[in-house]
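Note sheet for the following structure.
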There are 2 protein chains.
Amino acid sequence: MTAPENPPQAPLPAESRAAVTLHDVAREAGVSLATASRSLNGSTRKVAEEYRQRVLAAAERLNYTPNLSAQAVARGSTRTVALLVADIADPYFSTIASGVGAAADEAQLLVTMAATERDPERELELVRTMRGQRPRVMILASSRRTDDPLAPALRAELEAFEQTGGRVVVISTNDLNFRTVLLDNAAGARDLALALADRGYRHVAVLAAPEGLVTSEDRLRGFTEGLAARGIELDPAAVVRTGFTRDGGYEGMQRLLAMGREIDLVFAVNDVMAVGALSAVRDAGLTPGVDIALAGFDDIPTVRDVTPPLSTVAIPLAEVGRRALAMALDEPAAGSHEPVATTVVLRASTPHRH
Amino acid sequence: MTAPENPPQAPLPAESRAAVTLHDVAREAGVSLATASRSLNGSTRKVAEEYRQRVLAAAERLNYTPNLSAQAVARGSTRTVALLVADIADPYFSTIASGVGAAADEAQLLVTMAATERDPERELELVRTMRGQRPRVMILASSRRTDDPLAPALRAELEAFEQTGGRVVVISTNDLNFRTVLLDNAAGARDLALALADRGYRHVAVLAAPEGLVTSEDRLRGFTEGLAARGIELDPAAVVRTGFTRDGGYEGMQRLLAMGREIDLVFAVNDVMAVGALSAVRDAGLTPGVDIALAGFDDIPTVRDVTPPLSTVAIPLAEVGRRALAMALDEPAAGSHEPVATTVVLRASTPHRH
DNA sequence: TTGAAAGCGCTACCAC
DNA sequence: GTGGTAGCGCTTTCAA
């Protein structure tokens with residue numbers, strides 16, 4: 001008794017009338033296209049107040065919204081900023097995105113966002129696509145690789161974009177040679193290492209991302225240097241490579257524990273990894289901060305709420321996002337091209353030894 | 001001895017030549033505009049293979065990228081989806097955004113995103129602006145209010161958008177009467193309450209958002225009903241209203257503790273609040289999960305890593321994002337219009353009582 | 001199959 | 001100040 005299948009979904013709006021155009025508004029107001037344009041979107045007011053009001057009223061009545069694409073074509077420029085991040089669900093990137101969004105809002109700009117998933121091919125592809133939007137600004141917060149064979153192609157693409165009047169801002173490293181919101185990852189990690197060495201730690205291990213991620217390498221190097229400055233050598237065998245994620249941190253810490261080394265401190269190159277590592281320590285029956293000290297990098301909100309709260313290096317991520325856009329827009333407030341100030345924050349996860 | 005100030009920044013690209021246009025490609029390839037268009041972006045191939053290759057080569061040589069705005073104007077449609085969230089830095093929204101982004105990527109769509117900051121005026125304003133983009137789809141994940149006086153205006157705006165062929169999908173509640181990815185917040189909260197009652201809790205308090213946030217109210221109501229079904233009455237005085245954020249949860253819990261009530265369980269209407277509450281409990285010298293049990297809602301990643309891990313109601317947030325877009329695109333995979341399945345997850349923060 | 005040309009919605013220049 | 005109108009870069013008829 002199979003009744004004849006109903007169409008899966010009624011095709012919704014029977015009549016899909018075209019959107020209201022400026023032409024409609026002009027007609028409704030009884031003025032010319034030009035006057036309508038001037039009263040609605042024109043910059044320098046040279047429209048008689050009466051006409052102006054008529055147009056505004058007509059626009060309101062018709063619920064007119066200017067077609068941004070048409071404006072873009074006519075003006076030869078858009079009010080768009082393109083933002084590339086590695087992974088929007090990661091608090092590091094979502095906080096930066098939130099800063100970019102806030103600044104864009106103030107500048108009356110719209111944000112188009114895409115995730116590279118740390119895949120250089122995808123990144124290049126996305127840059128090409130977004131270039132089609134002709135955005136005013138392109139912000140790259142996607143994490144860079146040291147050995148990316150596609151880097152020259154990416155640079156060429158970005159240069160072509162700047163050549164046509166666009167602005168590129170890269171966040172973190174300036175290996176691409178564009179305007180950069182520099183994060184001095186190495187210095188931050190060095191400072192952290194010094195502070196932790198001063199708290200008495202000597203047997204140190206590191207949870208790092210797979211080789212080739214610039215951010216991870218910089219932090220690892222800085223940390224190593226900091227330890228060295230206090231006469232502590234970081235055994236290369238104590239550097240575990242793992243995913244740049246919470247689960248990566250968890251898994252890496254398990255491997256580290258399985259090695260049976262004497263360890264009193266583990267530095268994870270970012271906070272999400274550190275948080276995962278913390279859970280791994282606890283799940284192994286040990287007490288983080290007592291049996292093994294832990295530190296991360298970034299100061300994401302979560303690290304205050306885990307137990308014990310994690311020591312880390314704070315970066316003003318939302319501010320970084322804001323600054324990236326300001327820099328692109330040549331705002332003086334963008335400040336210097338000096339690295340963003342980074343702050344060591346010591347918490348209970350790295351108590352004084354003895 | 002103040003030397004004359006250098007110009008703060010050399011004005012970058014001396015010559016800002018215009019972007020390569022299809023016209024340039026056609027000329028370079030020695031074919032007409034029409035043929036160039038057909039070979040590059042045309043759907044049905046009816047171009048001689050030789051010409052086609054010539055055009056492709058020319059485009060590549062010139063590093064041509066089609067102007068998306070111009071295409072939009074000519075075609076009368078875009079490949080854009082507009083996404084509105086309350087706060088992109090909040091893991092709830094960033095995870096949804098990540099799902100929308102993944103689905104958009106598969107559908108070859110670009111995502112424009114903006115944050116409403118839970119301000120209805122901003123929301124309305126943003127919808128108007130984004131409507132100017134003429135996106136194919138508009139997804140609203142911004143949290144709704146029960147008493148929003150601007151709701152009719154918002155609905156009118158969205159209806160106008162659908163009238164012109166756009167698709168609207170609302171996430172969470174369907175108070176606006178558009179396609180909806182329904183989250184049965186009340187049912188989830190009820191199930192949670194039942195499960196917790198069965199674990200023996202009797203003296204319950206709730207940390208809720210300020211009155212009027214639909215999501216918060218639904219969860220509060222569902223939770224109350226669940227308790228009632230087990231013969232437990234929730235004292236209205238035990239419902240603390242506070243910010244819908246981590247800090248809100250912290251502060252609300254402090255107030256709750258200061259009240260001196262007998263409490264064995266606190267339900268926070270979302271996880272970020274619960275996480276804040278957990279820290280407040282600990283900072284008050286109590287042990288979460290022992291002195292006071294805690295539960296949240298959403299199952300954000302963080303709740304697994306705090307101590308003790310938090311009981312909560314899991315929502316497949318990334319999937320919700322994907323589904324929202326699928327639904328807008330009339331994909332059969334969008335599945336039913338039934339609520340998204342929600343799962344109670346009991347963890348160590350709510351152990352059995354006695 | 002190809003190319004000329006008429007739009008798409010809007011801006012901005014140029015007369016009046 | 002106002003209104004034609006020539007574009008902006010592209011798609012898509014319509015003839016050839």
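Quick note on naming: the chains in the structure tokens go A, B, ... in the order shown, residues restart at 1 in each chain, and ligands are numbered from 1 in order of appearance.
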
Cut-off 12 Å: closest chain B/chain C atom pairs per residue, using only C-alpha atoms (C1' of nucleotides), as JSON lines:
{"residue": "B:Ala26", "atom": "CA", "partner": "C:DG3", "partner_atom": "C1'", "distance": 11.7}
{"residue": "B:Gly30", "atom": "CA", "partner": "C:DG3", "partner_atom": "C1'", "distance": 11.9}
{"residue": "B:Val31", "atom": "CA", "partner": "C:DG3", "partner_atom": "C1'", "distance": 8.6}
{"residue": "B:Ser32", "atom": "CA", "partner": "C:DG3", "partner_atom": "C1'", "distance": 6.0}
{"residue": "B:Leu33", "atom": "CA", "partner": "C:DG3", "partner_atom": "C1'", "distance": 8.0}
{"residue": "B:Ala34", "atom": "CA", "partner": "C:DG3", "partner_atom": "C1'", "distance": 6.9}
{"residue": "B:Thr35", "atom": "CA", "partner": "C:DT2", "partner_atom": "C1'", "distance": 7.1}
{"residue": "B:Ala36", "atom": "CA", "partner": "C:DT2", "partner_atom": "C1'", "distance": 10.8}
{"residue": "B:Ser37", "atom": "CA", "partner": "C:DG3", "partner_atom": "C1'", "distance": 11.8}
{"residue": "B:Arg38", "atom": "CA", "partner": "C:DT2", "partner_atom": "C1'", "distance": 10.7}
{"residue": "B:Arg45", "atom": "CA", "partner": "C:DT1", "partner_atom": "C1'", "distance": 10.4}
{"residue": "B:Lys46", "atom": "CA", "partner": "C:DT1", "partner_atom": "C1'", "distance": 6.7}
{"residue": "B:Val47", "atom": "CA", "partner": "C:DT1", "partner_atom": "C1'", "distance": 6.4}
{"residue": "B:Ala48", "atom": "CA", "partner": "C:DT1", "partner_atom": "C1'", "distance": 6.9}
{"residue": "B:Glu49", "atom": "CA", "partner": "C:DT1", "partner_atom": "C1'", "distance": 10.7}
{"residue": "B:Glu50", "atom": "CA", "partner": "C:DT1", "partner_atom": "C1'", "distance": 11.7}
{"residue": "B:Tyr51", "atom": "CA", "partner": "C:DT2", "partner_atom": "C1'", "distance": 10.3}
{"residue": "B:Arg52", "atom": "CA", "partner": "C:DT1", "partner_atom": "C1'", "distance": 11.6}
{"residue": "B:Ser69", "atom": "CA", "partner": "C:DC8", "partner_atom": "C1'", "distance": 10.9}
{"residue": "B:Ala70", "atom": "CA", "partner": "C:DC8", "partner_atom": "C1'", "distance": 8.7}
{"residue": "B:Gln71", "atom": "CA", "partner": "C:DC8", "partner_atom": "C1'", "distance": 9.2}
{"residue": "B:Ala72", "atom": "CA", "partner": "C:DC8", "partner_atom": "C1'", "distance": 8.4}
{"residue": "B:Val73", "atom": "CA", "partner": "C:DC8", "partner_atom": "C1'", "distance": 5.0}
{"residue": "B:Ala74", "atom": "CA", "partner": "C:DC8", "partner_atom": "C1'", "distance": 4.6}
{"residue": "B:Arg75", "atom": "CA", "partner": "C:DC8", "partner_atom": "C1'", "distance": 7.2}
{"residue": "B:Gly76", "atom": "CA", "partner": "C:DC8", "partner_atom": "C1'", "distance": 6.7}
{"residue": "B:Ser77", "atom": "CA", "partner": "C:DC8", "partner_atom": "C1'", "distance": 10.2}
{"residue": "B:Gly132", "atom": "CA", "partner": "C:DG9", "partner_atom": "C1'", "distance": 11.6}

Written file, previous selection with C-alpha atoms, as a short mmCIF file (atom, residue, chain, number, x, y, z; two decimals), in the first residue's frame:
data_model
loop_
_atom_site.label_atom_id
_atom_site.label_comp_id
_atom_site.auth_asym_id
_atom_site.auth_seq_id
_atom_site.Cartn_x
_atom_site.Cartn_y
_atom_site.Cartn_z
CA ALA B 26 40.16 37.37 -24.47
CA GLY B 30 42.76 36.18 -29.57
CA VAL B 31 39.14 35.26 -29.08
CA SER B 32 35.98 37.14 -28.27
CA LEU B 33 34.82 38.06 -24.82
CA ALA B 34 31.97 35.62 -25.14
CA THR B 35 34.23 32.72 -25.97
CA ALA B 36 36.56 33.57 -23.14
CA SER B 37 33.65 33.66 -20.75
CA ARG B 38 32.34 30.35 -21.99
CA ARG B 45 30.77 23.35 -22.89
CA LYS B 46 30.27 24.44 -26.42
CA VAL B 47 33.70 25.80 -27.13
CA ALA B 48 36.14 24.20 -29.53
CA GLU B 49 38.84 22.47 -27.58
CA GLU B 50 41.55 24.50 -29.26
CA TYR B 51 40.06 27.85 -28.34
CA ARG B 52 39.34 26.57 -24.94
CA SER B 69 30.98 40.88 -7.96
CA ALA B 70 30.70 41.30 -11.68
CA GLN B 71 29.62 37.72 -12.06
CA ALA B 72 27.03 38.26 -9.38
CA VAL B 73 25.64 41.30 -11.14
CA ALA B 74 25.55 39.61 -14.51
CA ARG B 75 24.16 36.33 -13.27
CA GLY B 76 21.84 37.86 -10.77
CA SER B 77 23.05 35.49 -8.07
CA GLY B 132 22.87 43.80 0.30
#

As a PyMOL selection string, could you give me every residue of chain D near chain A (at most 9 Å apart, counting only C-alpha atoms (C1' of nucleotides))?
chain D and resi 1-4+7-9

Chain B contacts on chain A, only C-alpha atoms, 6 Å, as a PDB file with C-alpha atoms, in the first residue's frame:
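Result went into part36.pdb, see below:
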ATOM      1  CA  SER A  16      10.414  34.902  -6.397  1.00  0.00           C
ATOM      2  CA  ARG A  17      10.199  38.462  -7.484  1.00  0.00           C
ATOM      3  CA  ALA A  18      13.377  40.301  -8.163  1.00  0.00           C
ATOM      4  CA  ALA A  19      14.894  42.464  -5.483  1.00  0.00           C
ATOM      5  CA  THR A  65      18.921  47.541   0.075  1.00  0.00           C
ATOM      6  CA  PRO A  66      21.700  48.557  -2.276  1.00  0.00           C
ATOM      7  CA  ASN A  67      23.169  45.684  -4.223  1.00  0.00           C
ATOM      8  CA  LEU A  68      26.696  45.520  -2.884  1.00  0.00           C
ATOM      9  CA  SER A  69      27.984  43.594  -5.871  1.00  0.00           C
ATOM     10  CA  ALA A  70      26.693  46.207  -8.273  1.00  0.00           C
ATOM     11  CA  VAL A  73      31.490  46.782  -9.912  1.00  0.00           C
ATOM     12  CA  ILE A  88      37.831  28.498  13.299  1.00  0.00           C
ATOM     13  CA  ALA A  89      36.826  26.107  16.070  1.00  0.00           C
ATOM     14  CA  SER A  94      38.326  32.268  16.874  1.00  0.00           C
ATOM     15  CA  THR A  95      39.615  34.914  19.249  1.00  0.00           C
ATOM     16  CA  SER A  98      36.571  38.036  16.849  1.00  0.00           C
ATOM     17  CA  VAL A 111      34.274  39.841   6.754  1.00  0.00           C
ATOM     18  CA  THR A 112      34.539  36.778   4.564  1.00  0.00           C
ATOM     19  CA  MET A 113      36.131  33.885   6.344  1.00  0.00           C
ATOM     20  CA  GLY A 132      37.970  37.051  -6.856  1.00  0.00           C
ATOM     21  CA  GLN A 133      36.008  38.986  -4.281  1.00  0.00           C
ATOM     22  CA  GLN A 163      49.514  45.020  -7.109  1.00  0.00           C
ATOM     23  CA  THR A 164      45.888  45.698  -7.783  1.00  0.00           C
ATOM     24  CA  GLY A 165      45.475  47.812  -4.710  1.00  0.00           C
ATOM     25  CA  SER A 279      44.158  15.343  31.104  1.00  0.00           C
ATOM     26  CA  ASP A 305      39.551  26.806  34.652  1.00  0.00           C
ATOM     27  CA  VAL A 306      41.472  23.581  34.498  1.00  0.00           C
ATOM     28  CA  THR A 307      43.086  22.212  37.628  1.00  0.00           C
TER      29      THR A 307
END

Give me the residues within 8 Å of A:Val266 as an MDAnalysis selection string, counting only C-alpha atoms (C1' of nucleotides) and dropping any in the same chain fewer than 4 places off.
chainID A and resid 204:207 292:295

Would you list the contacts of A:Arg155 as a PyMOL selection string, taking every protein, DNA or RNA residue within 12 Å and counting only C-alpha atoms (C1' of nucleotides), but skipping same-chain residues closer than 6 positions in sequence?
chain A and resi 120+123-124+127-128+140+148-149+161-163+168+170+174-178

Residues within 10 Å of A:Val290, only C-alpha atoms (C1' of nucleotides), excluding chain neighbours under 3 positions, as a VMD selection string:
chain A and resid 264 to 265 286 to 287 293 to 294 308 348 to 351 353

Give me, please, the distance in Å between atom CA of A:Pro316 and atom CA of A:Ala107, quoted to one decimal.
20.6 Å

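In this model, the gap between atom CA of B:Asp184 and atom CA of B:Ala86 comes to 19.1 Å.
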
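Of all the residues in stretch 107-154 of chain B, the ones DSSP labels as alpha helix (DSSP H) from the backbone are Pro120, Glu121, Arg122, Glu123, Leu124, Glu125, Leu126, Val127, Arg128, Thr129, Met130, Arg131, Ala151, Pro152, Ala153 and Leu154 of chain B.
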
Grab the residues selected above and save them as a PDB file, in the first residue's frame with C-alpha atoms.
ATOM      1  CA  PRO B 120      18.728  42.841  18.519  1.00  0.00           C
ATOM      2  CA  GLU B 121      19.372  46.215  16.940  1.00  0.00           C
ATOM      3  CA  ARG B 122      22.733  45.124  15.701  1.00  0.00           C
ATOM      4  CA  GLU B 123      21.215  41.919  14.478  1.00  0.00           C
ATOM      5  CA  LEU B 124      18.613  43.722  12.420  1.00  0.00           C
ATOM      6  CA  GLU B 125      21.197  46.097  11.083  1.00  0.00           C
ATOM      7  CA  LEU B 126      23.489  43.252  10.117  1.00  0.00           C
ATOM      8  CA  VAL B 127      20.739  41.366   8.367  1.00  0.00           C
ATOM      9  CA  ARG B 128      20.013  44.459   6.305  1.00  0.00           C
ATOM     10  CA  THR B 129      23.646  44.880   5.403  1.00  0.00           C
ATOM     11  CA  MET B 130      24.159  41.268   4.515  1.00  0.00           C
ATOM     12  CA  ARG B 131      21.024  41.292   2.450  1.00  0.00           C
ATOM     13  CA  ALA B 151      11.387  40.626  16.052  1.00  0.00           C
ATOM     14  CA  PRO B 152       8.648  41.690  13.618  1.00  0.00           C
ATOM     15  CA  ALA B 153      11.060  43.980  11.820  1.00  0.00           C
ATOM     16  CA  LEU B 154      13.611  41.202  11.674  1.00  0.00           C
TER      17      LEU B 154
END

Two-atom distance - atom CA of A:Leu213, atom CA of A:Leu183 (Å)
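The value is 14.3 Å.
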
Per DSSP on the backbone, filter stretch 84-253 of chain B down to the residues in strand (DSSP E or B) and report them as an mmCIF file with N, CA and C atoms, in the first residue's frame.
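The resulting file, part13.cif, is reproduced below:
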data_model
loop_
_atom_site.group_PDB
_atom_site.id
_atom_site.type_symbol
_atom_site.label_atom_id
_atom_site.label_comp_id
_atom_site.auth_asym_id
_atom_site.auth_seq_id
_atom_site.Cartn_x
_atom_site.Cartn_y
_atom_site.Cartn_z
ATOM 1 N N LEU B 84 25.248 34.651 10.757
ATOM 2 C CA LEU B 84 25.195 35.539 11.915
ATOM 3 C C LEU B 84 25.315 34.731 13.186
ATOM 4 N N VAL B 85 26.270 35.086 14.008
ATOM 5 C CA VAL B 85 26.421 34.422 15.299
ATOM 6 C C VAL B 85 26.398 35.485 16.387
ATOM 7 N N LEU B 110 31.114 30.777 -0.442
ATOM 8 C CA LEU B 110 31.935 31.593 0.432
ATOM 9 C C LEU B 110 31.090 32.063 1.614
ATOM 10 N N VAL B 111 31.699 32.124 2.783
ATOM 11 C CA VAL B 111 30.948 32.494 3.985
ATOM 12 C C VAL B 111 31.292 33.904 4.451
ATOM 13 N N THR B 112 30.275 34.705 4.611
ATOM 14 C CA THR B 112 30.451 36.018 5.217
ATOM 15 C C THR B 112 29.883 35.952 6.623
ATOM 16 N N MET B 113 30.668 36.377 7.585
ATOM 17 C CA MET B 113 30.254 36.192 8.959
ATOM 18 C C MET B 113 30.233 37.502 9.739
ATOM 19 N N ALA B 114 29.292 37.605 10.657
ATOM 20 C CA ALA B 114 29.253 38.781 11.514
ATOM 21 C C ALA B 114 28.709 38.398 12.884
ATOM 22 N N ALA B 115 29.045 39.188 13.877
ATOM 23 C CA ALA B 115 28.645 38.897 15.253
ATOM 24 C C ALA B 115 27.611 39.910 15.731
ATOM 25 N N VAL B 137 22.063 32.241 0.851
ATOM 26 C CA VAL B 137 21.571 31.710 2.111
ATOM 27 C C VAL B 137 21.942 32.629 3.260
ATOM 28 N N MET B 138 21.061 32.699 4.212
ATOM 29 C CA MET B 138 21.366 33.451 5.412
ATOM 30 C C MET B 138 21.103 32.534 6.607
ATOM 31 N N ILE B 139 22.104 32.333 7.424
ATOM 32 C CA ILE B 139 21.962 31.455 8.584
ATOM 33 C C ILE B 139 22.061 32.285 9.854
ATOM 34 N N LEU B 140 21.033 32.181 10.673
ATOM 35 C CA LEU B 140 21.020 32.939 11.918
ATOM 36 C C LEU B 140 21.259 32.024 13.104
ATOM 37 N N ARG B 145 15.656 36.304 21.527
ATOM 38 C CA ARG B 145 15.037 36.714 22.788
ATOM 39 C C ARG B 145 13.538 36.479 22.722
ATOM 40 N N ARG B 167 17.401 32.059 0.928
ATOM 41 C CA ARG B 167 16.973 31.048 1.886
ATOM 42 C C ARG B 167 17.384 31.466 3.276
ATOM 43 N N VAL B 168 16.479 31.328 4.208
ATOM 44 C CA VAL B 168 16.814 31.640 5.589
ATOM 45 C C VAL B 168 16.764 30.357 6.405
ATOM 46 N N VAL B 169 17.780 30.143 7.210
ATOM 47 C CA VAL B 169 17.719 29.041 8.164
ATOM 48 C C VAL B 169 18.086 29.583 9.537
ATOM 49 N N VAL B 170 17.241 29.279 10.494
ATOM 50 C CA VAL B 170 17.493 29.710 11.858
ATOM 51 C C VAL B 170 17.938 28.501 12.669
ATOM 52 N N ILE B 171 18.932 28.712 13.495
ATOM 53 C CA ILE B 171 19.387 27.615 14.339
ATOM 54 C C ILE B 171 18.836 27.790 15.744
ATOM 55 N N SER B 172 18.326 26.709 16.268
ATOM 56 C CA SER B 172 17.852 26.663 17.648
ATOM 57 C C SER B 172 16.332 26.761 17.755
ATOM 58 N N ARG B 179 12.824 28.057 8.022
ATOM 59 C CA ARG B 179 13.421 26.735 8.180
ATOM 60 C C ARG B 179 14.289 26.779 9.423
ATOM 61 N N THR B 180 14.270 25.711 10.158
ATOM 62 C CA THR B 180 14.969 25.744 11.431
ATOM 63 C C THR B 180 15.704 24.444 11.706
ATOM 64 N N VAL B 181 16.926 24.567 12.178
ATOM 65 C CA VAL B 181 17.586 23.415 12.772
ATOM 66 C C VAL B 181 17.208 23.468 14.238
ATOM 67 N N LEU B 182 16.218 22.677 14.563
ATOM 68 C CA LEU B 182 15.640 22.744 15.899
ATOM 69 C C LEU B 182 16.537 22.067 16.921
ATOM 70 N N LEU B 183 16.820 22.772 17.969
ATOM 71 C CA LEU B 183 17.510 22.159 19.095
ATOM 72 C C LEU B 183 16.484 22.044 20.205
ATOM 73 N N VAL B 204 18.552 21.591 44.504
ATOM 74 C CA VAL B 204 19.074 22.035 43.220
ATOM 75 C C VAL B 204 18.987 23.548 43.035
ATOM 76 N N ALA B 205 19.992 24.088 42.399
ATOM 77 C CA ALA B 205 19.964 25.506 42.009
ATOM 78 C C ALA B 205 20.331 25.604 40.534
ATOM 79 N N VAL B 206 19.974 26.727 39.935
ATOM 80 C CA VAL B 206 20.237 26.901 38.504
ATOM 81 C C VAL B 206 20.902 28.248 38.253
ATOM 82 N N LEU B 207 21.875 28.220 37.377
ATOM 83 C CA LEU B 207 22.499 29.452 36.889
ATOM 84 C C LEU B 207 21.950 29.694 35.491
ATOM 85 N N ALA B 208 21.151 30.737 35.351
ATOM 86 C CA ALA B 208 20.524 31.014 34.054
ATOM 87 C C ALA B 208 20.957 32.370 33.531
ATOM 88 N N LEU B 213 16.274 35.320 27.162
ATOM 89 C CA LEU B 213 17.012 34.580 26.136
ATOM 90 C C LEU B 213 16.331 33.229 25.943
ATOM 91 N N VAL B 239 17.113 30.151 41.485
ATOM 92 C CA VAL B 239 17.501 30.405 40.096
ATOM 93 C C VAL B 239 18.215 31.747 40.024
ATOM 94 N N VAL B 240 19.497 31.700 39.792
ATOM 95 C CA VAL B 240 20.291 32.925 39.747
ATOM 96 C C VAL B 240 20.460 33.374 38.298
ATOM 97 N N ARG B 241 20.149 34.628 38.060
ATOM 98 C CA ARG B 241 20.299 35.184 36.708
ATOM 99 C C ARG B 241 21.651 35.865 36.589
#

Please provide as a PDB file with N, CA and C atoms, in the first residue's frame all residues within 9 Å of A:Phe244, with the sequence filter that same-chain residues fewer than 6 positions apart are discarded (counting only C-alpha atoms (C1' of nucleotides)).
ATOM      1  N   ALA A 208      55.600  19.190  20.949  1.00  0.00           N
ATOM      2  CA  ALA A 208      55.613  20.109  19.818  1.00  0.00           C
ATOM      3  C   ALA A 208      54.770  19.565  18.678  1.00  0.00           C
ATOM      4  N   ALA A 209      54.444  20.456  17.755  1.00  0.00           N
ATOM      5  CA  ALA A 209      53.699  20.037  16.570  1.00  0.00           C
ATOM      6  C   ALA A 209      54.640  19.277  15.639  1.00  0.00           C
ATOM      7  N   PRO A 210      54.109  18.619  14.642  1.00  0.00           N
ATOM      8  CA  PRO A 210      54.985  17.969  13.658  1.00  0.00           C
ATOM      9  C   PRO A 210      55.948  18.998  13.101  1.00  0.00           C
ATOM     10  N   SER A 216      55.265  26.542  15.936  1.00  0.00           N
ATOM     11  CA  SER A 216      55.742  25.514  16.850  1.00  0.00           C
ATOM     12  C   SER A 216      57.267  25.502  16.920  1.00  0.00           C
ATOM     13  N   VAL A 269      53.639  23.426  23.185  1.00  0.00           N
ATOM     14  CA  VAL A 269      53.827  24.648  22.410  1.00  0.00           C
ATOM     15  C   VAL A 269      52.548  25.460  22.209  1.00  0.00           C
ATOM     16  N   ASN A 270      51.401  24.912  22.576  1.00  0.00           N
ATOM     17  CA  ASN A 270      50.242  25.789  22.707  1.00  0.00           C
ATOM     18  C   ASN A 270      49.296  25.281  23.791  1.00  0.00           C
ATOM     19  N   VAL A 272      46.014  24.529  23.876  1.00  0.00           N
ATOM     20  CA  VAL A 272      45.093  23.410  23.680  1.00  0.00           C
ATOM     21  C   VAL A 272      45.832  22.086  23.843  1.00  0.00           C
ATOM     22  N   MET A 273      47.071  22.037  23.372  1.00  0.00           N
ATOM     23  CA  MET A 273      47.862  20.831  23.589  1.00  0.00           C
ATOM     24  C   MET A 273      48.134  20.640  25.081  1.00  0.00           C
TER      25      MET A 273
END
